[in-house]
file query.cif (mmCIF, N, CA and C atoms)
data_input
#
loop_
_atom_site.label_atom_id
_atom_site.label_comp_id
_atom_site.auth_asym_id
_atom_site.auth_seq_id
_atom_site.Cartn_x
_atom_site.Cartn_y
_atom_site.Cartn_z
N MET A 447 0.83 -1.18 0.00
CA MET A 447 0.00 0.00 0.00
C MET A 447 0.88 1.25 0.00
N VAL A 448 0.51 2.24 -0.80
CA VAL A 448 1.28 3.48 -0.92
C VAL A 448 0.86 4.45 0.19
N GLN A 449 1.86 5.10 0.78
CA GLN A 449 1.57 6.08 1.82
C GLN A 449 1.05 7.37 1.18
N ARG A 450 -0.04 7.90 1.71
CA ARG A 450 -0.60 9.14 1.16
C ARG A 450 0.17 10.34 1.68
N VAL A 451 0.32 11.33 0.80
CA VAL A 451 1.00 12.56 1.21
C VAL A 451 0.09 13.74 0.87
N THR A 452 0.18 14.79 1.67
CA THR A 452 -0.65 15.98 1.44
C THR A 452 0.26 17.20 1.30
N TYR A 453 -0.28 18.23 0.64
CA TYR A 453 0.47 19.48 0.52
C TYR A 453 0.75 20.04 1.90
N ARG A 454 1.86 20.77 2.05
CA ARG A 454 2.24 21.32 3.34
C ARG A 454 1.90 22.80 3.45
N ARG A 455 1.43 23.39 2.35
CA ARG A 455 1.04 24.80 2.36
C ARG A 455 -0.46 24.90 2.11
N ARG A 456 -0.98 26.10 2.18
CA ARG A 456 -2.42 26.29 2.05
C ARG A 456 -2.93 26.09 0.62
N LEU A 457 -2.08 26.37 -0.37
CA LEU A 457 -2.49 26.24 -1.77
C LEU A 457 -2.67 24.77 -2.11
N SER A 458 -3.88 24.38 -2.54
CA SER A 458 -4.18 22.96 -2.71
C SER A 458 -4.33 22.55 -4.17
N TYR A 459 -3.78 23.36 -5.09
CA TYR A 459 -3.88 23.03 -6.51
C TYR A 459 -2.49 22.81 -7.11
N ASN A 460 -2.45 22.01 -8.16
CA ASN A 460 -1.18 21.66 -8.79
C ASN A 460 -0.78 22.75 -9.79
N THR A 461 -0.38 23.90 -9.27
CA THR A 461 0.00 25.03 -10.12
C THR A 461 1.52 25.09 -10.28
N ARG A 462 1.97 26.03 -11.12
CA ARG A 462 3.41 26.18 -11.35
C ARG A 462 4.14 26.59 -10.08
N SER A 463 3.47 27.34 -9.22
CA SER A 463 4.11 27.82 -7.99
C SER A 463 4.00 26.80 -6.86
N ASN A 464 3.30 25.68 -7.09
CA ASN A 464 3.07 24.70 -6.03
C ASN A 464 3.64 23.33 -6.41
N ARG A 465 4.74 23.34 -7.16
CA ARG A 465 5.37 22.07 -7.55
C ARG A 465 6.02 21.40 -6.33
N VAL A 466 5.90 20.07 -6.27
CA VAL A 466 6.46 19.35 -5.14
C VAL A 466 7.17 18.08 -5.61
N ARG A 467 8.01 17.55 -4.74
CA ARG A 467 8.58 16.22 -4.98
C ARG A 467 8.50 15.44 -3.67
N ILE A 468 8.40 14.14 -3.82
CA ILE A 468 8.27 13.28 -2.62
C ILE A 468 9.67 12.94 -2.12
N SER A 469 9.84 13.06 -0.81
CA SER A 469 11.12 12.76 -0.19
C SER A 469 10.87 11.87 1.03
N LYS A 470 11.76 10.94 1.24
CA LYS A 470 11.62 10.06 2.41
C LYS A 470 12.45 10.60 3.56
N THR A 471 11.83 10.79 4.70
CA THR A 471 12.50 11.32 5.88
C THR A 471 13.32 10.22 6.56
N PRO A 472 14.26 10.61 7.43
CA PRO A 472 15.02 9.59 8.17
C PRO A 472 14.13 8.66 8.99
N GLY A 473 12.95 9.13 9.36
CA GLY A 473 12.02 8.30 10.12
C GLY A 473 11.27 7.31 9.26
N GLY A 474 11.49 7.37 7.93
CA GLY A 474 10.84 6.42 7.02
C GLY A 474 9.52 6.91 6.45
N ASN A 475 9.11 8.13 6.81
CA ASN A 475 7.85 8.66 6.28
C ASN A 475 8.10 9.37 4.95
N LEU A 476 7.05 9.44 4.13
CA LEU A 476 7.15 10.19 2.89
C LEU A 476 6.65 11.61 3.16
N ARG A 477 7.33 12.58 2.58
CA ARG A 477 7.00 13.99 2.83
C ARG A 477 7.08 14.74 1.51
N LEU A 478 6.22 15.69 1.29
CA LEU A 478 6.30 16.52 0.09
C LEU A 478 7.23 17.69 0.33
N LEU A 479 8.20 17.90 -0.58
CA LEU A 479 9.08 19.06 -0.52
C LEU A 479 8.72 19.99 -1.66
N HIS A 480 8.48 21.25 -1.35
CA HIS A 480 8.15 22.24 -2.38
C HIS A 480 9.41 22.60 -3.16
N VAL A 481 9.29 22.56 -4.48
CA VAL A 481 10.42 22.82 -5.37
C VAL A 481 10.33 24.24 -5.88
N LYS A 482 11.46 24.96 -5.85
CA LYS A 482 11.47 26.33 -6.36
C LYS A 482 11.43 26.32 -7.88
N LYS A 483 10.91 27.38 -8.45
CA LYS A 483 10.87 27.49 -9.91
C LYS A 483 12.29 27.64 -10.45
N PRO A 484 12.59 27.04 -11.59
CA PRO A 484 13.92 27.24 -12.19
C PRO A 484 14.04 28.66 -12.73
N ALA A 485 15.23 29.22 -12.62
CA ALA A 485 15.46 30.59 -13.08
C ALA A 485 15.86 30.59 -14.54
N LYS A 486 15.35 31.56 -15.29
CA LYS A 486 15.71 31.68 -16.71
C LYS A 486 17.00 32.44 -16.91
N GLY A 487 17.29 33.36 -16.04
CA GLY A 487 18.50 34.16 -16.18
C GLY A 487 18.27 35.40 -17.01
N ALA A 488 19.20 36.34 -16.90
CA ALA A 488 19.08 37.62 -17.62
C ALA A 488 19.30 37.39 -19.11
N ARG A 489 18.54 38.14 -19.93
CA ARG A 489 18.64 38.01 -21.39
C ARG A 489 18.93 39.35 -22.02
N CYS A 490 19.54 39.31 -23.20
CA CYS A 490 19.84 40.52 -23.95
C CYS A 490 18.54 41.18 -24.40
N GLY A 491 18.45 42.49 -24.22
CA GLY A 491 17.24 43.21 -24.57
C GLY A 491 17.01 43.32 -26.07
N ASP A 492 18.08 43.16 -26.86
CA ASP A 492 17.95 43.28 -28.32
C ASP A 492 17.68 41.93 -28.98
N CYS A 493 18.57 40.96 -28.72
CA CYS A 493 18.45 39.68 -29.43
C CYS A 493 17.85 38.55 -28.60
N GLY A 494 17.73 38.73 -27.28
CA GLY A 494 17.11 37.72 -26.44
C GLY A 494 18.03 36.59 -26.00
N LEU A 495 19.33 36.71 -26.28
CA LEU A 495 20.29 35.69 -25.87
C LEU A 495 20.53 35.76 -24.37
N ALA A 496 20.82 34.62 -23.73
CA ALA A 496 21.16 34.62 -22.30
C ALA A 496 22.48 35.34 -22.13
N LEU A 497 22.55 36.24 -21.15
CA LEU A 497 23.77 37.03 -20.96
C LEU A 497 24.82 36.22 -20.22
N PRO A 498 26.00 36.02 -20.83
CA PRO A 498 27.06 35.29 -20.13
C PRO A 498 27.67 36.17 -19.04
N GLY A 499 28.10 35.55 -17.96
CA GLY A 499 28.72 36.29 -16.87
C GLY A 499 27.75 36.70 -15.78
N LEU A 500 26.45 36.42 -15.98
CA LEU A 500 25.46 36.75 -14.96
C LEU A 500 24.82 35.47 -14.46
N PRO A 501 24.64 35.35 -13.14
CA PRO A 501 24.02 34.13 -12.62
C PRO A 501 22.53 34.08 -12.95
N ALA A 502 22.04 32.88 -13.21
CA ALA A 502 20.61 32.69 -13.49
C ALA A 502 19.90 32.46 -12.16
N LEU A 503 19.30 33.52 -11.63
CA LEU A 503 18.63 33.44 -10.34
C LEU A 503 17.21 33.98 -10.46
N ARG A 504 16.37 33.60 -9.50
CA ARG A 504 15.03 34.17 -9.42
C ARG A 504 15.15 35.65 -9.03
N PRO A 505 14.16 36.46 -9.36
CA PRO A 505 14.28 37.91 -9.14
C PRO A 505 14.64 38.30 -7.70
N ARG A 506 14.07 37.63 -6.72
CA ARG A 506 14.35 38.00 -5.32
C ARG A 506 15.82 37.75 -4.98
N GLU A 507 16.34 36.58 -5.40
CA GLU A 507 17.76 36.27 -5.12
C GLU A 507 18.68 37.20 -5.91
N PHE A 508 18.27 37.51 -7.15
CA PHE A 508 19.09 38.38 -8.01
C PHE A 508 19.21 39.77 -7.40
N SER A 509 18.12 40.24 -6.79
CA SER A 509 18.14 41.58 -6.20
C SER A 509 19.05 41.64 -4.97
N ARG A 510 19.32 40.51 -4.36
CA ARG A 510 20.17 40.47 -3.17
C ARG A 510 21.66 40.51 -3.51
N LEU A 511 22.01 40.27 -4.78
CA LEU A 511 23.42 40.29 -5.18
C LEU A 511 23.96 41.71 -5.13
N ASN A 512 25.29 41.83 -5.00
CA ASN A 512 25.86 43.17 -5.06
C ASN A 512 26.03 43.58 -6.53
N LYS A 513 26.32 44.86 -6.74
CA LYS A 513 26.28 45.44 -8.09
C LYS A 513 27.25 44.76 -9.06
N SER A 514 28.43 44.39 -8.57
CA SER A 514 29.43 43.79 -9.46
C SER A 514 29.00 42.41 -9.96
N GLN A 515 28.14 41.73 -9.22
CA GLN A 515 27.69 40.41 -9.64
C GLN A 515 26.49 40.49 -10.58
N LYS A 516 25.86 41.69 -10.67
CA LYS A 516 24.67 41.84 -11.51
C LYS A 516 24.99 42.35 -12.90
N SER A 517 26.24 42.69 -13.17
CA SER A 517 26.59 43.21 -14.49
C SER A 517 28.01 42.81 -14.86
N VAL A 518 28.38 43.10 -16.10
CA VAL A 518 29.77 42.91 -16.53
C VAL A 518 30.34 44.29 -16.83
N SER A 519 31.66 44.45 -16.70
CA SER A 519 32.28 45.77 -16.82
C SER A 519 32.47 46.13 -18.28
N ARG A 520 31.40 46.64 -18.87
CA ARG A 520 31.40 47.05 -20.27
C ARG A 520 30.20 47.99 -20.45
N ALA A 521 30.21 48.77 -21.51
CA ALA A 521 29.05 49.59 -21.81
C ALA A 521 27.86 48.66 -22.01
N TYR A 522 26.72 49.01 -21.45
CA TYR A 522 25.50 48.19 -21.49
C TYR A 522 25.70 46.83 -20.82
N GLY A 523 26.68 46.70 -19.93
CA GLY A 523 26.95 45.43 -19.26
C GLY A 523 25.79 45.01 -18.39
N GLY A 524 25.33 43.78 -18.51
CA GLY A 524 24.20 43.28 -17.74
C GLY A 524 22.86 43.59 -18.38
N SER A 525 22.89 44.25 -19.55
CA SER A 525 21.65 44.60 -20.24
C SER A 525 21.66 44.09 -21.67
N ARG A 526 22.80 44.25 -22.36
CA ARG A 526 22.93 43.82 -23.76
C ARG A 526 24.15 42.91 -23.89
N CYS A 527 24.10 42.00 -24.84
CA CYS A 527 25.25 41.11 -25.08
C CYS A 527 26.31 41.86 -25.88
N SER A 528 27.52 41.32 -25.92
CA SER A 528 28.64 42.02 -26.55
C SER A 528 28.42 42.23 -28.05
N THR A 529 27.78 41.28 -28.71
CA THR A 529 27.52 41.40 -30.15
C THR A 529 26.62 42.59 -30.44
N CYS A 530 25.57 42.75 -29.65
CA CYS A 530 24.63 43.86 -29.85
C CYS A 530 25.28 45.20 -29.51
N VAL A 531 26.14 45.22 -28.48
CA VAL A 531 26.84 46.45 -28.11
C VAL A 531 27.76 46.86 -29.25
N ARG A 532 28.47 45.88 -29.81
CA ARG A 532 29.38 46.17 -30.94
C ARG A 532 28.58 46.73 -32.12
N ALA A 533 27.44 46.12 -32.40
CA ALA A 533 26.60 46.58 -33.50
C ALA A 533 26.12 48.02 -33.26
N ARG A 534 25.74 48.34 -32.02
CA ARG A 534 25.29 49.69 -31.69
C ARG A 534 26.40 50.71 -31.90
N ILE A 535 27.62 50.36 -31.44
CA ILE A 535 28.75 51.28 -31.56
C ILE A 535 29.08 51.52 -33.04
N VAL A 536 29.12 50.45 -33.83
CA VAL A 536 29.41 50.58 -35.26
C VAL A 536 28.34 51.41 -35.94
N ARG A 537 27.07 51.17 -35.61
CA ARG A 537 25.96 51.91 -36.22
C ARG A 537 26.08 53.40 -35.90
N ALA A 538 26.38 53.73 -34.63
CA ALA A 538 26.53 55.13 -34.23
C ALA A 538 27.69 55.78 -34.97
N PHE A 539 28.80 55.05 -35.11
CA PHE A 539 29.98 55.57 -35.81
C PHE A 539 29.65 55.85 -37.27
N LEU A 540 28.96 54.91 -37.92
CA LEU A 540 28.62 55.08 -39.33
C LEU A 540 27.65 56.24 -39.54
N VAL A 541 26.72 56.44 -38.62
CA VAL A 541 25.79 57.57 -38.71
C VAL A 541 26.56 58.88 -38.64
N GLU A 542 27.52 58.97 -37.70
CA GLU A 542 28.32 60.19 -37.58
C GLU A 542 29.16 60.42 -38.84
N GLU A 543 29.75 59.34 -39.36
CA GLU A 543 30.54 59.45 -40.61
C GLU A 543 29.67 59.95 -41.75
N GLN A 544 28.44 59.45 -41.81
CA GLN A 544 27.52 59.85 -42.88
C GLN A 544 27.21 61.33 -42.78
N LYS A 545 27.05 61.85 -41.57
CA LYS A 545 26.80 63.27 -41.36
C LYS A 545 27.97 64.10 -41.87
N ILE A 546 29.19 63.65 -41.56
CA ILE A 546 30.40 64.38 -42.00
C ILE A 546 30.48 64.39 -43.53
N VAL A 547 30.20 63.24 -44.15
CA VAL A 547 30.25 63.14 -45.61
C VAL A 547 29.24 64.09 -46.24
N LYS A 548 28.03 64.14 -45.68
CA LYS A 548 27.01 65.05 -46.18
C LYS A 548 27.47 66.50 -46.11
N LYS A 549 28.08 66.84 -44.98
CA LYS A 549 28.57 68.21 -44.77
C LYS A 549 29.64 68.55 -45.80
N VAL A 550 30.56 67.62 -46.05
CA VAL A 550 31.65 67.84 -47.01
C VAL A 550 31.09 68.00 -48.41
N LEU A 551 30.14 67.15 -48.80
CA LEU A 551 29.54 67.22 -50.14
C LEU A 551 28.78 68.54 -50.31
N LYS A 552 28.13 68.98 -49.26
CA LYS A 552 27.39 70.25 -49.32
C LYS A 552 28.36 71.42 -49.51
N ALA A 553 29.51 71.36 -48.82
CA ALA A 553 30.52 72.41 -48.94
C ALA A 553 31.12 72.43 -50.33
N GLN A 554 31.35 71.23 -50.92
CA GLN A 554 31.91 71.13 -52.26
C GLN A 554 30.91 71.65 -53.30
N ALA A 555 29.65 71.38 -53.09
CA ALA A 555 28.64 71.83 -54.05
C ALA A 555 28.48 73.35 -54.01
N LYS A 556 28.77 73.96 -52.88
CA LYS A 556 28.69 75.40 -52.72
C LYS A 556 29.76 76.12 -53.56
N LYS A 557 30.95 75.50 -53.64
CA LYS A 557 32.10 76.13 -54.34
C LYS A 557 31.86 76.28 -55.82
#

call {"tool": "encode", "arguments": {"input": "query.cif", "output": "structure tokens"}}
result
Amino acid sequence: MVQRVTYRRRLSYNTRSNRVRISKTPGGNLRLLHVKKPAKGARCGDCGLALPGLPALRPREFSRLNKSQKSVSRAYGGSRCSTCVRARIVRAFLVEEQKIVKKVLKAQAKK
């Protein structure tokens, strides 16, 4: 005969926040242990890639980390991946170059 087990918290439905696993105690009884949700980890805001160098933690645990553990030492560190940052920098540089070229062409056309 299988030993019956009951939820240990007030929530009595099998929801995502109420996941459990059965564990056997040293006394030989079966007990339900509530399992925490797996963390997805921080993702790049542009491409959606998981950010390397940042721990994958639930929001509450992530907020408890100190600042150096929540980001990487780079522009947009902890928010965008290196590929997207590089693309942004190159795009900004090319836009500025284009402005300069326009100005030069306008000056030449004036002469």

call {"tool": "closest_residue", "arguments": {"input": "query.cif", "among": "A:Leu476, A:Leu511, A:Ala485, A:Leu500", "to": "Arg450 in chain A", "atoms": "all atoms listed in the file"}}
result
A:Leu476

call {"tool": "residues_near_point", "arguments": {"input": "query.cif", "point": "(14.2, 37.8, -11.3)", "cutoff": "8 Å", "atoms": "all atoms listed in the file", "output": "PyMOL selection string"}}
result
chain A and resi 485-488+502-509

call {"tool": "closest_residue", "arguments": {"input": "query.cif", "among": "A:Lys470, A:Arg489, A:Arg456, A:Lys545", "to": "Gly524 in chain A", "atoms": "all atoms listed in the file"}}
result
A:Arg489

call {"tool": "select_by_dssp", "arguments": {"input": "query.cif", "residues": "chain A", "states": "strand (DSSP E)", "output": "ChimeraX atom specification"}}
result
/A:466-470,476-480

call {"tool": "closest_residue", "arguments": {"input": "query.cif", "among": "A:Ser517, A:Gly473, A:Pro484, A:Leu478", "to": "Thr452 in chain A", "atoms": "only C-alpha atoms"}}
result
A:Leu478

call {"tool": "resolve_selection", "arguments": {"input": "query.cif", "expression": "the PyMOL selection byres (((chain A and resi 491 and name CA) around 12) and name CA)", "output": "PyMOL selection string"}}
result
chain A and resi 488-490+492-497+522-531

call {"tool": "write_last_selection", "arguments": {"input": "query.cif", "atoms": "N, CA and C atoms", "output": "PDB file, in the frame of the given file"}}
result
ATOM      1  N   ALA A 488      19.200  36.340 -16.900  1.00  0.00           N
ATOM      2  CA  ALA A 488      19.080  37.620 -17.620  1.00  0.00           C
ATOM      3  C   ALA A 488      19.300  37.390 -19.110  1.00  0.00           C
ATOM      4  N   ARG A 489      18.540  38.140 -19.930  1.00  0.00           N
ATOM      5  CA  ARG A 489      18.640  38.010 -21.390  1.00  0.00           C
ATOM      6  C   ARG A 489      18.930  39.350 -22.020  1.00  0.00           C
ATOM      7  N   CYS A 490      19.540  39.310 -23.200  1.00  0.00           N
ATOM      8  CA  CYS A 490      19.840  40.520 -23.950  1.00  0.00           C
ATOM      9  C   CYS A 490      18.540  41.180 -24.400  1.00  0.00           C
ATOM     10  N   ASP A 492      18.080  43.160 -26.860  1.00  0.00           N
ATOM     11  CA  ASP A 492      17.950  43.280 -28.320  1.00  0.00           C
ATOM     12  C   ASP A 492      17.680  41.930 -28.980  1.00  0.00           C
ATOM     13  N   CYS A 493      18.570  40.960 -28.720  1.00  0.00           N
ATOM     14  CA  CYS A 493      18.450  39.680 -29.430  1.00  0.00           C
ATOM     15  C   CYS A 493      17.850  38.550 -28.600  1.00  0.00           C
ATOM     16  N   GLY A 494      17.730  38.730 -27.280  1.00  0.00           N
ATOM     17  CA  GLY A 494      17.110  37.720 -26.440  1.00  0.00           C
ATOM     18  C   GLY A 494      18.030  36.590 -26.000  1.00  0.00           C
ATOM     19  N   LEU A 495      19.330  36.710 -26.280  1.00  0.00           N
ATOM     20  CA  LEU A 495      20.290  35.690 -25.870  1.00  0.00           C
ATOM     21  C   LEU A 495      20.530  35.760 -24.370  1.00  0.00           C
ATOM     22  N   ALA A 496      20.820  34.620 -23.730  1.00  0.00           N
ATOM     23  CA  ALA A 496      21.160  34.620 -22.300  1.00  0.00           C
ATOM     24  C   ALA A 496      22.480  35.340 -22.130  1.00  0.00           C
ATOM     25  N   LEU A 497      22.550  36.240 -21.150  1.00  0.00           N
ATOM     26  CA  LEU A 497      23.770  37.030 -20.960  1.00  0.00           C
ATOM     27  C   LEU A 497      24.820  36.220 -20.220  1.00  0.00           C
ATOM     28  N   TYR A 522      26.720  49.010 -21.450  1.00  0.00           N
ATOM     29  CA  TYR A 522      25.500  48.190 -21.490  1.00  0.00           C
ATOM     30  C   TYR A 522      25.700  46.830 -20.820  1.00  0.00           C
ATOM     31  N   GLY A 523      26.680  46.700 -19.930  1.00  0.00           N
ATOM     32  CA  GLY A 523      26.950  45.430 -19.260  1.00  0.00           C
ATOM     33  C   GLY A 523      25.790  45.010 -18.390  1.00  0.00           C
ATOM     34  N   GLY A 524      25.330  43.780 -18.510  1.00  0.00           N
ATOM     35  CA  GLY A 524      24.200  43.280 -17.740  1.00  0.00           C
ATOM     36  C   GLY A 524      22.860  43.590 -18.380  1.00  0.00           C
ATOM     37  N   SER A 525      22.890  44.250 -19.550  1.00  0.00           N
ATOM     38  CA  SER A 525      21.650  44.600 -20.240  1.00  0.00           C
ATOM     39  C   SER A 525      21.660  44.090 -21.670  1.00  0.00           C
ATOM     40  N   ARG A 526      22.800  44.250 -22.360  1.00  0.00           N
ATOM     41  CA  ARG A 526      22.930  43.820 -23.760  1.00  0.00           C
ATOM     42  C   ARG A 526      24.150  42.910 -23.890  1.00  0.00           C
ATOM     43  N   CYS A 527      24.100  42.000 -24.840  1.00  0.00           N
ATOM     44  CA  CYS A 527      25.250  41.110 -25.080  1.00  0.00           C
ATOM     45  C   CYS A 527      26.310  41.860 -25.880  1.00  0.00           C
ATOM     46  N   SER A 528      27.520  41.320 -25.920  1.00  0.00           N
ATOM     47  CA  SER A 528      28.640  42.020 -26.550  1.00  0.00           C
ATOM     48  C   SER A 528      28.420  42.230 -28.050  1.00  0.00           C
ATOM     49  N   THR A 529      27.780  41.280 -28.710  1.00  0.00           N
ATOM     50  CA  THR A 529      27.520  41.400 -30.150  1.00  0.00           C
ATOM     51  C   THR A 529      26.620  42.590 -30.440  1.00  0.00           C
ATOM     52  N   CYS A 530      25.570  42.750 -29.650  1.00  0.00           N
ATOM     53  CA  CYS A 530      24.630  43.860 -29.850  1.00  0.00           C
ATOM     54  C   CYS A 530      25.280  45.200 -29.510  1.00  0.00           C
ATOM     55  N   VAL A 531      26.140  45.220 -28.480  1.00  0.00           N
ATOM     56  CA  VAL A 531      26.840  46.450 -28.110  1.00  0.00           C
ATOM     57  C   VAL A 531      27.760  46.860 -29.250  1.00  0.00           C
TER      58      VAL A 531
END

call {"tool": "closest_residue", "arguments": {"input": "query.cif", "among": "A:Arg532, A:Asn464, A:Ile546, A:Gly499", "to": "Lys516 in chain A", "atoms": "all atoms listed in the file"}}
result
A:Gly499

call {"tool": "select_by_dssp", "arguments": {"input": "query.cif", "residues": "range 447-535 of chain A", "states": "alpha helix (DSSP H)", "output": "ChimeraX atom specification"}}
result
/A:505-510,513-516,528-535

call {"tool": "closest_residue", "arguments": {"input": "query.cif", "among": "A:Arg534, A:Leu479, A:Ala553, A:Ile468", "to": "Arg455 in chain A", "atoms": "only C-alpha atoms"}}
result
A:Leu479

call {"tool": "atom_distance", "arguments": {"input": "query.cif", "atom1": "CA of Val481 in chain A", "atom2": "CA of Ser458 in chain A"}}
result
14.8 Å

call {"tool": "atom_distance", "arguments": {"input": "query.cif", "atom1": "CA of Val448 in chain A", "atom2": "CA of Val466 in chain A"}}
result
17.2 Å

call {"tool": "atom_distance", "arguments": {"input": "query.cif", "atom1": "CA of Ala521 in chain A", "atom2": "CA of Ala533 in chain A"}}
result
12.3 Å

call {"tool": "build_atoms", "arguments": {"input": "query.cif", "residues": "range 549-557 of chain A", "atoms": "all heavy atoms", "output": "PDB file, in the frame of the given file"}}
result
ATOM      1  N   LYS A 549      28.080  66.840 -44.980  1.00  0.00           N
ATOM      2  CA  LYS A 549      28.570  68.210 -44.770  1.00  0.00           C
ATOM      3  C   LYS A 549      29.640  68.550 -45.800  1.00  0.00           C
ATOM      4  O   LYS A 549      29.643  69.652 -46.384  1.00  0.00           O
ATOM      5  CB  LYS A 549      29.108  68.344 -43.357  1.00  0.00           C
ATOM      6  CG  LYS A 549      29.314  69.788 -42.904  1.00  0.00           C
ATOM      7  CD  LYS A 549      29.889  69.856 -41.500  1.00  0.00           C
ATOM      8  CE  LYS A 549      28.841  69.581 -40.457  1.00  0.00           C
ATOM      9  NZ  LYS A 549      29.357  69.740 -39.081  1.00  0.00           N
ATOM     10  N   VAL A 550      30.560  67.620 -46.050  1.00  0.00           N
ATOM     11  CA  VAL A 550      31.650  67.840 -47.010  1.00  0.00           C
ATOM     12  C   VAL A 550      31.090  68.000 -48.410  1.00  0.00           C
ATOM     13  O   VAL A 550      31.490  68.897 -49.174  1.00  0.00           O
ATOM     14  CB  VAL A 550      32.678  66.675 -46.946  1.00  0.00           C
ATOM     15  CG1 VAL A 550      33.641  66.737 -48.110  1.00  0.00           C
ATOM     16  CG2 VAL A 550      33.430  66.707 -45.632  1.00  0.00           C
ATOM     17  N   LEU A 551      30.140  67.150 -48.800  1.00  0.00           N
ATOM     18  CA  LEU A 551      29.540  67.220 -50.140  1.00  0.00           C
ATOM     19  C   LEU A 551      28.780  68.540 -50.310  1.00  0.00           C
ATOM     20  O   LEU A 551      28.819  69.146 -51.394  1.00  0.00           O
ATOM     21  CB  LEU A 551      28.598  66.034 -50.367  1.00  0.00           C
ATOM     22  CG  LEU A 551      29.269  64.669 -50.546  1.00  0.00           C
ATOM     23  CD1 LEU A 551      28.228  63.572 -50.639  1.00  0.00           C
ATOM     24  CD2 LEU A 551      30.145  64.667 -51.793  1.00  0.00           C
ATOM     25  N   LYS A 552      28.130  68.980 -49.260  1.00  0.00           N
ATOM     26  CA  LYS A 552      27.390  70.250 -49.320  1.00  0.00           C
ATOM     27  C   LYS A 552      28.360  71.420 -49.510  1.00  0.00           C
ATOM     28  O   LYS A 552      28.105  72.330 -50.295  1.00  0.00           O
ATOM     29  CB  LYS A 552      26.591  70.429 -48.020  1.00  0.00           C
ATOM     30  CG  LYS A 552      25.501  71.457 -48.093  1.00  0.00           C
ATOM     31  CD  LYS A 552      24.689  71.450 -46.827  1.00  0.00           C
ATOM     32  CE  LYS A 552      23.538  72.418 -46.926  1.00  0.00           C
ATOM     33  NZ  LYS A 552      22.754  72.452 -45.682  1.00  0.00           N
ATOM     34  N   ALA A 553      29.510  71.360 -48.820  1.00  0.00           N
ATOM     35  CA  ALA A 553      30.520  72.410 -48.940  1.00  0.00           C
ATOM     36  C   ALA A 553      31.120  72.430 -50.330  1.00  0.00           C
ATOM     37  O   ALA A 553      31.409  73.486 -50.905  1.00  0.00           O
ATOM     38  CB  ALA A 553      31.607  72.213 -47.881  1.00  0.00           C
ATOM     39  N   GLN A 554      31.350  71.230 -50.920  1.00  0.00           N
ATOM     40  CA  GLN A 554      31.910  71.130 -52.260  1.00  0.00           C
ATOM     41  C   GLN A 554      30.910  71.650 -53.300  1.00  0.00           C
ATOM     42  O   GLN A 554      31.307  72.290 -54.279  1.00  0.00           O
ATOM     43  CB  GLN A 554      32.298  69.691 -52.594  1.00  0.00           C
ATOM     44  CG  GLN A 554      33.574  69.240 -51.896  1.00  0.00           C
ATOM     45  CD  GLN A 554      33.925  67.794 -52.205  1.00  0.00           C
ATOM     46  OE1 GLN A 554      33.117  67.063 -52.782  1.00  0.00           O
ATOM     47  NE2 GLN A 554      35.112  67.382 -51.811  1.00  0.00           N
ATOM     48  N   ALA A 555      29.650  71.380 -53.090  1.00  0.00           N
ATOM     49  CA  ALA A 555      28.640  71.830 -54.050  1.00  0.00           C
ATOM     50  C   ALA A 555      28.480  73.350 -54.010  1.00  0.00           C
ATOM     51  O   ALA A 555      28.134  73.955 -55.026  1.00  0.00           O
ATOM     52  CB  ALA A 555      27.301  71.179 -53.724  1.00  0.00           C
ATOM     53  N   LYS A 556      28.770  73.960 -52.880  1.00  0.00           N
ATOM     54  CA  LYS A 556      28.690  75.400 -52.720  1.00  0.00           C
ATOM     55  C   LYS A 556      29.760  76.120 -53.560  1.00  0.00           C
ATOM     56  O   LYS A 556      29.529  77.190 -54.084  1.00  0.00           O
ATOM     57  CB  LYS A 556      28.847  75.773 -51.249  1.00  0.00           C
ATOM     58  CG  LYS A 556      27.718  76.630 -50.713  1.00  0.00           C
ATOM     59  CD  LYS A 556      27.923  76.916 -49.258  1.00  0.00           C
ATOM     60  CE  LYS A 556      26.638  77.513 -48.683  1.00  0.00           C
ATOM     61  NZ  LYS A 556      26.791  77.773 -47.268  1.00  0.00           N
ATOM     62  N   LYS A 557      30.950  75.500 -53.640  1.00  0.00           N
ATOM     63  CA  LYS A 557      32.100  76.130 -54.340  1.00  0.00           C
ATOM     64  C   LYS A 557      31.860  76.280 -55.820  1.00  0.00           C
ATOM     65  O   LYS A 557      31.212  75.685 -56.525  1.00  0.00           O
ATOM     66  CB  LYS A 557      33.359  75.316 -54.112  1.00  0.00           C
ATOM     67  CG  LYS A 557      33.923  75.533 -52.719  1.00  0.00           C
ATOM     68  CD  LYS A 557      35.207  74.789 -52.559  1.00  0.00           C
ATOM     69  CE  LYS A 557      35.789  75.003 -51.183  1.00  0.00           C
ATOM     70  NZ  LYS A 557      37.002  74.263 -50.969  1.00  0.00           N
TER      71      LYS A 557
END
